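To be precise, the following lines are model-v2.pdb, and they hold PDB, C-alpha atoms, pLDDT in the B column.
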ATOM      1  CA  MET A  20     -53.677  61.862 -43.015  1.00 49.00           C
ATOM      2  CA  LYS A  21     -50.775  63.632 -41.377  1.00 53.00           C
ATOM      3  CA  LYS A  22     -49.136  64.232 -44.776  1.00 56.00           C
ATOM      4  CA  ALA A  23     -52.310  65.883 -46.109  1.00 56.00           C
ATOM      5  CA  LEU A  24     -52.501  68.114 -43.025  1.00 52.00           C
ATOM      6  CA  ILE A  25     -48.845  69.120 -43.309  1.00 54.00           C
ATOM      7  CA  LEU A  26     -49.261  69.836 -47.040  1.00 55.00           C
ATOM      8  CA  SER A  27     -52.292  72.028 -46.339  1.00 56.00           C
ATOM      9  CA  LEU A  28     -50.389  74.018 -43.709  1.00 56.00           C
ATOM     10  CA  VAL A  29     -47.468  74.553 -46.120  1.00 44.00           C
ATOM     11  CA  VAL A  30     -49.787  75.730 -48.897  1.00 46.00           C
ATOM     12  CA  CYS A  31     -51.556  78.166 -46.541  1.00 46.00           C
ATOM     13  CA  HIS A  32     -48.230  79.494 -45.290  1.00 48.00           C
ATOM     14  CA  VAL A  33     -46.948  80.078 -48.839  1.00 42.00           C
ATOM     15  CA  LEU A  34     -50.180  81.773 -49.880  1.00 50.00           C
ATOM     16  CA  GLY A  35     -50.021  84.011 -46.809  1.00 50.00           C
ATOM     17  CA  TRP A  36     -46.475  85.172 -47.603  1.00 47.00           C
ATOM     18  CA  ALA A  37     -47.446  85.744 -51.224  1.00 45.00           C
ATOM     19  CA  TRP A  38     -50.367  87.935 -50.119  1.00 42.00           C
ATOM     20  CA  VAL A  39     -48.156  89.999 -47.811  1.00 39.00           C
ATOM     21  CA  ALA A  40     -45.534  90.477 -50.545  1.00 42.00           C
ATOM     22  CA  TRP A  41     -48.179  91.481 -53.110  1.00 43.00           C
ATOM     23  CA  ALA A  42     -49.913  93.921 -50.741  1.00 45.00           C
ATOM     24  CA  ALA A  43     -46.642  95.650 -49.801  1.00 43.00           C
ATOM     25  CA  GLU A  44     -45.785  96.558 -53.414  1.00 44.00           C
ATOM     26  CA  PRO A  45     -47.371  99.464 -55.312  1.00 48.00           C
ATOM     27  CA  PHE A  46     -50.298  98.454 -57.442  1.00 44.00           C
ATOM     28  CA  SER A  47     -49.645  98.829 -61.140  1.00 42.00           C
ATOM     29  CA  GLN A  48     -53.196  99.325 -62.362  1.00 47.00           C
ATOM     30  CA  ALA A  49     -53.568 102.465 -64.413  1.00 48.00           C
ATOM     31  CA  GLN A  50     -55.055 105.319 -62.385  1.00 51.00           C
ATOM     32  CA  PRO A  51     -55.862 108.911 -63.389  1.00 86.00           C
ATOM     33  CA  SER A  52     -53.946 110.348 -60.419  1.00 94.00           C
ATOM     34  CA  ASN A  53     -51.313 112.909 -61.457  1.00 96.00           C
ATOM     35  CA  ILE A  54     -49.561 116.210 -60.698  1.00 97.00           C
ATOM     36  CA  THR A  55     -50.235 118.863 -63.307  1.00 96.00           C
ATOM     37  CA  SER A  56     -48.407 121.747 -61.619  1.00 96.00           C
ATOM     38  CA  PRO A  57     -45.545 122.250 -61.113  1.00 97.00           C
ATOM     39  CA  ALA A  58     -44.210 120.265 -64.049  1.00 96.00           C
ATOM     40  CA  ASP A  59     -40.802 118.717 -64.684  1.00 97.00           C
ATOM     41  CA  ASN A  60     -37.899 121.220 -64.937  1.00 96.00           C
ATOM     42  CA  SER A  61     -39.970 124.017 -63.393  1.00 96.00           C
ATOM     43  CA  VAL A  62     -38.490 127.012 -61.534  1.00 97.00           C
ATOM     44  CA  VAL A  63     -40.442 127.899 -58.377  1.00 97.00           C
ATOM     45  CA  ARG A  64     -40.108 130.284 -55.437  1.00 97.00           C
ATOM     46  CA  GLY A  65     -42.172 131.305 -52.425  1.00 97.00           C
ATOM     47  CA  ILE A  66     -45.499 129.550 -51.790  1.00 97.00           C
ATOM     48  CA  VAL A  67     -46.100 126.962 -54.542  1.00 98.00           C
ATOM     49  CA  PRO A  68     -49.564 125.409 -55.072  1.00 98.00           C
ATOM     50  CA  ILE A  69     -49.366 121.722 -56.047  1.00 98.00           C
ATOM     51  CA  VAL A  70     -52.274 120.961 -58.399  1.00 98.00           C
ATOM     52  CA  GLY A  71     -53.406 117.577 -59.688  1.00 97.00           C
ATOM     53  CA  THR A  72     -55.663 114.568 -59.147  1.00 97.00           C
ATOM     54  CA  ALA A  73     -55.615 111.931 -56.374  1.00 97.00           C
ATOM     55  CA  VAL A  74     -58.353 109.262 -56.811  1.00 97.00           C
ATOM     56  CA  ASP A  75     -58.824 105.491 -56.595  1.00 96.00           C
ATOM     57  CA  PRO A  76     -61.858 103.158 -56.776  1.00 94.00           C
ATOM     58  CA  GLN A  77     -61.100 102.134 -53.166  1.00 95.00           C
ATOM     59  CA  PHE A  78     -59.558 105.419 -52.101  1.00 97.00           C
ATOM     60  CA  TRP A  79     -58.179 105.681 -48.563  1.00 97.00           C
ATOM     61  CA  LYS A  80     -55.698 108.598 -48.465  1.00 97.00           C
ATOM     62  CA  TYR A  81     -53.005 110.485 -50.339  1.00 98.00           C
ATOM     63  CA  GLU A  82     -49.738 112.172 -49.334  1.00 98.00           C
ATOM     64  CA  VAL A  83     -47.441 114.672 -51.068  1.00 98.00           C
ATOM     65  CA  HIS A  84     -43.681 114.573 -50.362  1.00 98.00           C
ATOM     66  CA  TYR A  85     -40.584 116.363 -51.591  1.00 98.00           C
ATOM     67  CA  GLY A  86     -37.027 115.076 -51.766  1.00 97.00           C
ATOM     68  CA  PRO A  87     -33.597 116.218 -52.970  1.00 97.00           C
ATOM     69  CA  GLU A  88     -32.613 115.761 -56.604  1.00 95.00           C
ATOM     70  CA  PRO A  89     -30.873 113.346 -57.007  1.00 94.00           C
ATOM     71  CA  ASN A  90     -32.166 111.191 -54.146  1.00 94.00           C
ATOM     72  CA  PRO A  91     -29.969 108.074 -53.789  1.00 94.00           C
ATOM     73  CA  MET A  92     -30.997 107.531 -50.128  1.00 95.00           C
ATOM     74  CA  ASN A  93     -34.727 107.740 -51.008  1.00 95.00           C
ATOM     75  CA  GLN A  94     -35.315 110.510 -48.458  1.00 96.00           C
ATOM     76  CA  TRP A  95     -38.751 112.120 -48.587  1.00 97.00           C
ATOM     77  CA  THR A  96     -40.363 114.817 -46.430  1.00 97.00           C
ATOM     78  CA  LEU A  97     -44.127 115.140 -46.023  1.00 98.00           C
ATOM     79  CA  ILE A  98     -45.635 118.408 -47.271  1.00 97.00           C
ATOM     80  CA  GLY A  99     -48.565 119.518 -45.150  1.00 96.00           C
ATOM     81  CA  VAL A 100     -50.702 116.662 -43.776  1.00 97.00           C
ATOM     82  CA  VAL A 101     -52.178 113.314 -44.857  1.00 97.00           C
ATOM     83  CA  HIS A 102     -55.422 113.851 -46.819  1.00 98.00           C
ATOM     84  CA  GLU A 103     -58.342 111.394 -46.680  1.00 96.00           C
ATOM     85  CA  THR A 104     -60.478 113.138 -49.323  1.00 97.00           C
ATOM     86  CA  PRO A 105     -59.895 112.520 -53.048  1.00 97.00           C
ATOM     87  CA  VAL A 106     -59.140 115.488 -55.310  1.00 97.00           C
ATOM     88  CA  VAL A 107     -59.883 115.848 -59.022  1.00 96.00           C
ATOM     89  CA  ASP A 108     -58.036 118.607 -60.916  1.00 95.00           C
ATOM     90  CA  GLY A 109     -57.663 120.670 -57.766  1.00 96.00           C
ATOM     91  CA  LEU A 110     -55.245 121.792 -55.060  1.00 97.00           C
ATOM     92  CA  LEU A 111     -53.440 118.799 -53.616  1.00 97.00           C
ATOM     93  CA  GLU A 112     -51.149 120.687 -51.218  1.00 97.00           C
ATOM     94  CA  THR A 113     -49.326 124.002 -50.682  1.00 97.00           C
ATOM     95  CA  TRP A 114     -45.517 123.913 -50.638  1.00 97.00           C
ATOM     96  CA  ASP A 115     -43.632 126.649 -48.743  1.00 97.00           C
ATOM     97  CA  THR A 116     -40.249 126.646 -50.491  1.00 97.00           C
ATOM     98  CA  THR A 117     -38.880 129.453 -48.290  1.00 97.00           C
ATOM     99  CA  LEU A 118     -38.250 126.849 -45.561  1.00 96.00           C
ATOM    100  CA  ILE A 119     -35.712 124.879 -47.617  1.00 96.00           C
ATOM    101  CA  PRO A 120     -32.407 125.806 -49.310  1.00 96.00           C
ATOM    102  CA  ASP A 121     -32.363 126.689 -52.972  1.00 97.00           C
ATOM    103  CA  GLY A 122     -31.641 123.762 -55.275  1.00 97.00           C
ATOM    104  CA  LYS A 123     -33.258 120.980 -57.279  1.00 97.00           C
ATOM    105  CA  TYR A 124     -36.010 118.810 -55.781  1.00 98.00           C
ATOM    106  CA  SER A 125     -38.539 116.132 -56.726  1.00 98.00           C
ATOM    107  CA  LEU A 126     -42.215 115.834 -55.783  1.00 98.00           C
ATOM    108  CA  ARG A 127     -43.981 112.557 -55.027  1.00 98.00           C
ATOM    109  CA  LEU A 128     -47.732 111.967 -54.870  1.00 97.00           C
ATOM    110  CA  ARG A 129     -48.683 108.704 -53.163  1.00 97.00           C
ATOM    111  CA  VAL A 130     -52.339 107.548 -53.429  1.00 97.00           C
ATOM    112  CA  VAL A 131     -53.193 104.675 -51.074  1.00 97.00           C
ATOM    113  CA  ASN A 132     -56.344 102.518 -51.284  1.00 97.00           C
ATOM    114  CA  LYS A 133     -58.144 100.563 -48.555  1.00 96.00           C
ATOM    115  CA  THR A 134     -56.250  97.353 -49.324  1.00 95.00           C
ATOM    116  CA  GLY A 135     -52.913  99.025 -48.508  1.00 94.00           C
ATOM    117  CA  ASN A 136     -51.825  99.213 -52.142  1.00 96.00           C
ATOM    118  CA  TYR A 137     -50.600 102.553 -53.394  1.00 96.00           C
ATOM    119  CA  ARG A 138     -49.648 104.362 -56.578  1.00 95.00           C
ATOM    120  CA  GLU A 139     -46.858 106.974 -56.810  1.00 96.00           C
ATOM    121  CA  ILE A 140     -46.512 109.872 -59.255  1.00 96.00           C
ATOM    122  CA  PHE A 141     -43.249 111.850 -59.498  1.00 97.00           C
ATOM    123  CA  VAL A 142     -42.220 115.277 -60.797  1.00 97.00           C
ATOM    124  CA  HIS A 143     -38.443 115.706 -61.262  1.00 97.00           C
ATOM    125  CA  GLU A 144     -35.883 118.525 -61.627  1.00 96.00           C
ATOM    126  CA  ILE A 145     -37.870 121.264 -59.860  1.00 97.00           C
ATOM    127  CA  LEU A 146     -35.539 124.216 -59.209  1.00 97.00           C
ATOM    128  CA  VAL A 147     -36.246 126.213 -56.042  1.00 97.00           C
ATOM    129  CA  ALA A 148     -34.727 129.683 -56.585  1.00 97.00           C
ATOM    130  CA  ASN A 149     -35.882 132.029 -53.827  1.00 97.00           C
ATOM    131  CA  ALA A 150     -32.541 133.890 -53.747  1.00 93.00           C
ATOM    132  CA  ALA A 151     -32.449 134.469 -57.509  1.00 66.00           C
ATOM    133  CA  PRO A 152     -33.735 137.912 -58.597  1.00 68.00           C
ATOM    134  CA  THR A 153     -36.888 138.021 -60.639  1.00 60.00           C
ATOM    135  CA  ASP A 154     -36.635 139.056 -64.244  1.00 59.00           C
ATOM    136  CA  THR A 155     -37.245 142.772 -64.746  1.00 61.00           C
ATOM    137  CA  PRO A 156     -38.346 144.193 -68.085  1.00 60.00           C
ATOM    138  CA  THR A 157     -35.707 146.088 -70.035  1.00 64.00           C
ATOM    139  CA  PRO A 158     -36.625 149.784 -70.202  1.00 63.00           C
ATOM    140  CA  THR A 159     -37.225 151.130 -73.689  1.00 65.00           C
ATOM    141  CA  GLN A 160     -35.326 154.222 -74.747  1.00 67.00           C
ATOM    142  CA  THR A 161     -37.401 157.125 -76.017  1.00 65.00           C
ATOM    143  CA  PRO A 162     -35.736 158.898 -78.953  1.00 64.00           C
ATOM    144  CA  LEU A 163     -34.794 162.510 -78.238  1.00 68.00           C
ATOM    145  CA  PRO A 164     -36.660 165.168 -80.249  1.00 65.00           C
ATOM    146  CA  THR A 165     -34.786 166.744 -83.140  1.00 67.00           C
ATOM    147  CA  PRO A 166     -33.815 170.343 -82.257  1.00 61.00           C
ATOM    148  CA  THR A 167     -35.205 173.095 -84.487  1.00 64.00           C
ATOM    149  CA  PHE A 168     -33.254 176.257 -85.283  1.00 55.00           C
ATOM    150  CA  THR A 169     -35.042 179.617 -85.509  1.00 63.00           C
ATOM    151  CA  PRO A 170     -33.221 182.245 -87.634  1.00 58.00           C
ATOM    152  CA  ALA A 171     -32.188 185.363 -85.732  1.00 58.00           C
ATOM    153  CA  ALA A 172     -34.046 188.616 -86.427  1.00 60.00           C
ATOM    154  CA  THR A 173     -32.392 191.018 -88.870  1.00 62.00           C
ATOM    155  CA  PRO A 174     -31.263 194.216 -87.050  1.00 57.00           C
ATOM    156  CA  THR A 175     -32.894 197.471 -88.231  1.00 61.00           C
ATOM    157  CA  PHE A 176     -30.854 200.711 -88.380  1.00 55.00           C
ATOM    158  CA  ILE A 177     -32.698 204.092 -88.143  1.00 61.00           C
ATOM    159  CA  ILE A 178     -30.929 206.974 -89.868  1.00 60.00           C
ATOM    160  CA  PRO A 179     -31.880 210.367 -88.366  1.00 56.00           C
ATOM    161  CA  THR A 180     -33.288 212.827 -90.913  1.00 63.00           C
ATOM    162  CA  SER A 181     -32.883 216.016 -88.764  1.00 60.00           C
ATOM    163  CA  PRO A 182     -29.753 217.364 -87.007  1.00 58.00           C
ATOM    164  CA  LEU A 183     -29.262 216.234 -83.422  1.00 56.00           C
ATOM    165  CA  ALA A 184     -30.214 218.683 -80.662  1.00 59.00           C
ATOM    166  CA  PRO A 185     -27.358 220.073 -78.522  1.00 60.00           C
ATOM    167  CA  PRO A 186     -26.952 218.334 -75.165  1.00 57.00           C
ATOM    168  CA  THR A 187     -28.564 219.973 -72.142  1.00 59.00           C
ATOM    169  CA  ALA A 188     -26.231 221.010 -69.365  1.00 60.00           C
ATOM    170  CA  THR A 189     -26.522 218.872 -66.222  1.00 60.00           C
ATOM    171  CA  PRO A 190     -27.125 220.968 -63.077  1.00 56.00           C
ATOM    172  CA  THR A 191     -24.424 220.647 -60.419  1.00 57.00           C
ATOM    173  CA  LEU A 192     -25.484 220.548 -56.795  1.00 56.00           C
ATOM    174  CA  ALA A 193     -23.674 223.121 -54.657  1.00 53.00           C
ATOM    175  CA  ARG A 194     -22.537 222.360 -51.107  1.00 58.00           C
ATOM    176  CA  PRO A 195     -24.469 224.455 -48.517  1.00 50.00           C
ATOM    177  CA  THR A 196     -22.449 227.246 -47.054  1.00 51.00           C
ATOM    178  CA  ARG A 197     -24.273 227.409 -43.745  1.00 52.00           C
ATOM    179  CA  SER A 198     -24.281 224.524 -41.256  1.00 46.00           C
ATOM    180  CA  VAL A 199     -27.411 223.549 -39.472  1.00 45.00           C
ATOM    181  CA  LEU A 200     -26.986 224.020 -35.715  1.00 43.00           C
ATOM    182  CA  PRO A 201     -28.591 221.574 -33.329  1.00 46.00           C
ATOM    183  CA  GLU A 202     -31.585 222.703 -31.437  1.00 51.00           C
ATOM    184  CA  ALA A 203     -31.131 224.128 -27.985  1.00 53.00           C
ATOM    185  CA  LEU A 204     -30.680 221.600 -25.193  1.00 56.00           C
ATOM    186  CA  ASP A 205     -33.593 220.986 -22.829  1.00 66.00           C
ATOM    187  CA  ILE A 206     -32.118 221.795 -19.383  1.00 74.00           C
ATOM    188  CA  ASN A 207     -35.231 220.653 -17.475  1.00 75.00           C
ATOM    189  CA  ALA A 208     -35.061 217.187 -19.024  1.00 73.00           C
ATOM    190  CA  TRP A 209     -31.423 216.806 -18.026  1.00 71.00           C
ATOM    191  CA  ARG A 210     -32.213 217.949 -14.500  1.00 78.00           C
ATOM    192  CA  GLN A 211     -35.040 215.397 -14.110  1.00 78.00           C
ATOM    193  CA  SER A 212     -32.839 212.572 -15.428  1.00 78.00           C
ATOM    194  CA  LEU A 213     -30.069 213.469 -12.977  1.00 82.00           C
ATOM    195  CA  CYS A 214     -32.464 213.477 -10.033  1.00 81.00           C
ATOM    196  CA  LEU A 215     -33.927 210.139 -11.095  1.00 83.00           C
ATOM    197  CA  GLY A 216     -30.439 208.621 -11.287  1.00 83.00           C
ATOM    198  CA  VAL A 217     -29.531 209.887  -7.798  1.00 83.00           C
ATOM    199  CA  GLU A 218     -32.748 208.474  -6.313  1.00 85.00           C
ATOM    200  CA  LEU A 219     -32.140 205.113  -7.983  1.00 86.00           C
ATOM    201  CA  MET A 220     -28.566 204.996  -6.621  1.00 86.00           C
ATOM    202  CA  VAL A 221     -29.785 205.826  -3.077  1.00 85.00           C
ATOM    203  CA  ALA A 222     -32.414 203.041  -3.305  1.00 86.00           C
ATOM    204  CA  ILE A 223     -29.743 200.501  -4.376  1.00 89.00           C
ATOM    205  CA  LEU A 224     -27.462 201.529  -1.485  1.00 89.00           C
ATOM    206  CA  VAL A 225     -30.350 201.181   0.987  1.00 85.00           C
ATOM    207  CA  VAL A 226     -31.109 197.664  -0.302  1.00 86.00           C
ATOM    208  CA  ILE A 227     -27.452 196.649   0.003  1.00 89.00           C
ATOM    209  CA  ALA A 228     -27.296 198.049   3.566  1.00 86.00           C
ATOM    210  CA  LEU A 229     -30.424 196.084   4.536  1.00 86.00           C
ATOM    211  CA  ILE A 230     -28.901 192.881   3.133  1.00 88.00           C
ATOM    212  CA  PHE A 231     -25.698 193.310   5.169  1.00 84.00           C
ATOM    213  CA  LEU A 232     -27.760 194.121   8.272  1.00 86.00           C
ATOM    214  CA  LEU A 233     -29.904 191.012   7.865  1.00 85.00           C
ATOM    215  CA  ARG A 234     -26.799 188.834   7.417  1.00 82.00           C
ATOM    216  CA  ARG A 235     -25.331 190.173  10.694  1.00 80.00           C
ATOM    217  CA  LEU A 236     -28.571 189.646  12.616  1.00 80.00           C
ATOM    218  CA  PHE A 237     -29.249 186.138  11.350  1.00 70.00           C
TER     219      PHE A 237
END
Take the structure in this file and express it as structure tokens.
Amino acid sequence: MKKALILSLVVCHVLGWAWVAWAAEPFSQAQPSNITSPADNSVVRGIVPIVGTAVDPQFWKYEVHYGPEPNPMNQWTLIGVVHETPVVDGLLETWDTTLIPDGKYSLRLRVVNKTGNYREIFVHEILVANAAPTDTPTPTQTPLPTPTFTPAATPTFIIPTSPLAPPTATPTLARPTRSVLPEALDINAWRQSLCLGVELMVAILVVIALIFLLRRLF
């Protein structure tokens, strides 16, 4: 009786460990989950939309990660948040590549079901090149127009038929012999100006005397 009980406990213990080991490994059943963009060996920059499908008959959640290429230490960084809604041919996540150095990276889509099993899809050799200049179109050269030459006009010579008229003498201006005298001076105007100047001088002297007087008093 004791042997049967011990055997039952051993069998249950082995089955329990087998269940834990099986549940911890990714399920291998074929699923339509995938990443359609970006593809392998893509060159990306800026904000990159990650497009694909994340579904499962017992869907629980999905996550999108990125990691360096190569990735010997199996280091992955979550992009965005954990999603609990399945996606079919739509936007899985948005990847801001301006936050990471330029270089090669991998993407990983992990779809987890309610039993704890999960499926992983990878995209490899994605080149992030934010510092690289974008390709610019080569300007096309417009051919120059061919110059056209216009022949010069033929000069025409007119031969006079009648004898030339004698030249007309040019009049010479004579210097005036009398000088123009200035008009007579206006004595009254000079007298008024002189009186005005004297009055102005007297007024200035009076002002200066008042200033000196005020300084002495105060």
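Excluding Glu144 in chain A itself and any same-chain residue fewer than 5 positions from it, the protein and nucleic acid residues within 6 Å of it, counting only C-alpha atoms, are A:Asp59, A:Asn60, A:Lys123, A:Tyr124.
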Considering all atoms listed in the file, state which residue in the set A:Val70, A:Leu229, A:Ile145, A:Ile206 is at the smallest distance from Leu111 in chain A. A:Val70
To verify the selection step, state as an mmCIF file with C-alpha atoms, in the coordinates of the input which residues the PyMOL selection byres ((chain A and resi 55) around 10) yields on this input.
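What follows is the written file expr.cif:
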data_model
loop_
_atom_site.group_PDB
_atom_site.id
_atom_site.type_symbol
_atom_site.label_atom_id
_atom_site.label_comp_id
_atom_site.auth_asym_id
_atom_site.auth_seq_id
_atom_site.Cartn_x
_atom_site.Cartn_y
_atom_site.Cartn_z
ATOM 1 C CA SER A 52 -53.946 110.348 -60.419
ATOM 2 C CA ASN A 53 -51.313 112.909 -61.457
ATOM 3 C CA ILE A 54 -49.561 116.210 -60.698
ATOM 4 C CA SER A 56 -48.407 121.747 -61.619
ATOM 5 C CA PRO A 57 -45.545 122.250 -61.113
ATOM 6 C CA ALA A 58 -44.210 120.265 -64.049
ATOM 7 C CA ASP A 59 -40.802 118.717 -64.684
ATOM 8 C CA ILE A 69 -49.366 121.722 -56.047
ATOM 9 C CA VAL A 70 -52.274 120.961 -58.399
ATOM 10 C CA GLY A 71 -53.406 117.577 -59.688
ATOM 11 C CA THR A 72 -55.663 114.568 -59.147
ATOM 12 C CA ASP A 108 -58.036 118.607 -60.916
ATOM 13 C CA GLY A 109 -57.663 120.670 -57.766
ATOM 14 C CA VAL A 142 -42.220 115.277 -60.797
#
Separation of CA of Gly65 in chain A and CA of Gly122 in chain A, in Å?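 Answer for the CA of Gly65 in chain A to CA of Gly122 in chain A separation: 13.3 Å.
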Return the single residue from A:Tyr85, A:Tyr137, A:Phe237, A:Phe231 that is closest to Ser125 in chain A, with distances computed using all atoms listed in the file.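 With all atoms listed in the file as the atom set, the closest residue is A:Tyr85.
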Take range 101-118 of chain A from the block and save it with N, CA and C atoms, as a JSON list (two decimals), in the first residue's frame.
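File produced: selection-v1.json:
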[["chain", "number", "residue", "atom", "x", "y", "z"],
["A", 101, "VAL", "N", 2.75, 47.03, -23.44],
["A", 101, "VAL", "CA", 2.20, 45.69, -23.68],
["A", 101, "VAL", "C", 0.75, 45.84, -24.17],
["A", 102, "HIS", "N", 0.42, 45.16, -25.27],
["A", 102, "HIS", "CA", -0.91, 45.28, -25.88],
["A", 102, "HIS", "C", -1.72, 44.02, -25.59],
["A", 103, "GLU", "N", -2.98, 44.18, -25.19],
["A", 103, "GLU", "CA", -3.86, 43.07, -24.88],
["A", 103, "GLU", "C", -5.00, 42.95, -25.89],
["A", 104, "THR", "N", -4.82, 43.56, -27.06],
["A", 104, "THR", "CA", -5.81, 43.47, -28.14],
["A", 104, "THR", "C", -5.12, 42.93, -29.38],
["A", 105, "PRO", "N", -5.64, 41.87, -29.99],
["A", 105, "PRO", "CA", -5.00, 41.32, -31.19],
["A", 105, "PRO", "C", -5.08, 42.30, -32.35],
["A", 106, "VAL", "N", -4.14, 42.17, -33.29],
["A", 106, "VAL", "CA", -4.06, 43.04, -34.46],
["A", 106, "VAL", "C", -3.92, 42.16, -35.69],
["A", 107, "VAL", "N", -4.65, 42.49, -36.74],
["A", 107, "VAL", "CA", -4.57, 41.76, -38.00],
["A", 107, "VAL", "C", -4.22, 42.75, -39.10],
["A", 108, "ASP", "N", -3.03, 42.59, -39.69],
["A", 108, "ASP", "CA", -2.57, 43.47, -40.78],
["A", 108, "ASP", "C", -2.75, 44.95, -40.41],
["A", 109, "GLY", "N", -2.25, 45.32, -39.26],
["A", 109, "GLY", "CA", -2.38, 46.69, -38.81],
["A", 109, "GLY", "C", -1.12, 47.17, -38.09],
["A", 110, "LEU", "N", -1.24, 48.31, -37.42],
["A", 110, "LEU", "CA", -0.12, 48.91, -36.70],
["A", 110, "LEU", "C", 0.07, 48.19, -35.38],
["A", 111, "LEU", "N", 1.23, 47.54, -35.25],
["A", 111, "LEU", "CA", 1.55, 46.86, -34.00],
["A", 111, "LEU", "C", 2.14, 47.82, -32.97],
["A", 112, "GLU", "N", 3.04, 48.70, -33.42],
["A", 112, "GLU", "CA", 3.71, 49.63, -32.51],
["A", 112, "GLU", "C", 4.40, 50.70, -33.34],
["A", 113, "THR", "N", 4.79, 51.80, -32.69],
["A", 113, "THR", "CA", 5.53, 52.89, -33.34],
["A", 113, "THR", "C", 6.90, 52.97, -32.69],
["A", 114, "TRP", "N", 7.95, 52.95, -33.51],
["A", 114, "TRP", "CA", 9.33, 52.89, -33.03],
["A", 114, "TRP", "C", 10.02, 54.22, -33.31],
["A", 115, "ASP", "N", 10.41, 54.93, -32.24],
["A", 115, "ASP", "CA", 11.12, 56.21, -32.38],
["A", 115, "ASP", "C", 12.62, 55.90, -32.40],
["A", 116, "THR", "N", 13.19, 55.86, -33.60],
["A", 116, "THR", "CA", 14.61, 55.51, -33.74],
["A", 116, "THR", "C", 15.54, 56.67, -33.44],
["A", 117, "THR", "N", 14.99, 57.88, -33.22],
["A", 117, "THR", "CA", 15.87, 59.01, -32.88],
["A", 117, "THR", "C", 16.41, 58.92, -31.46],
["A", 118, "LEU", "N", 15.86, 58.00, -30.65],
["A", 118, "LEU", "CA", 16.29, 57.84, -29.26],
["A", 118, "LEU", "C", 17.45, 56.87, -29.11]]
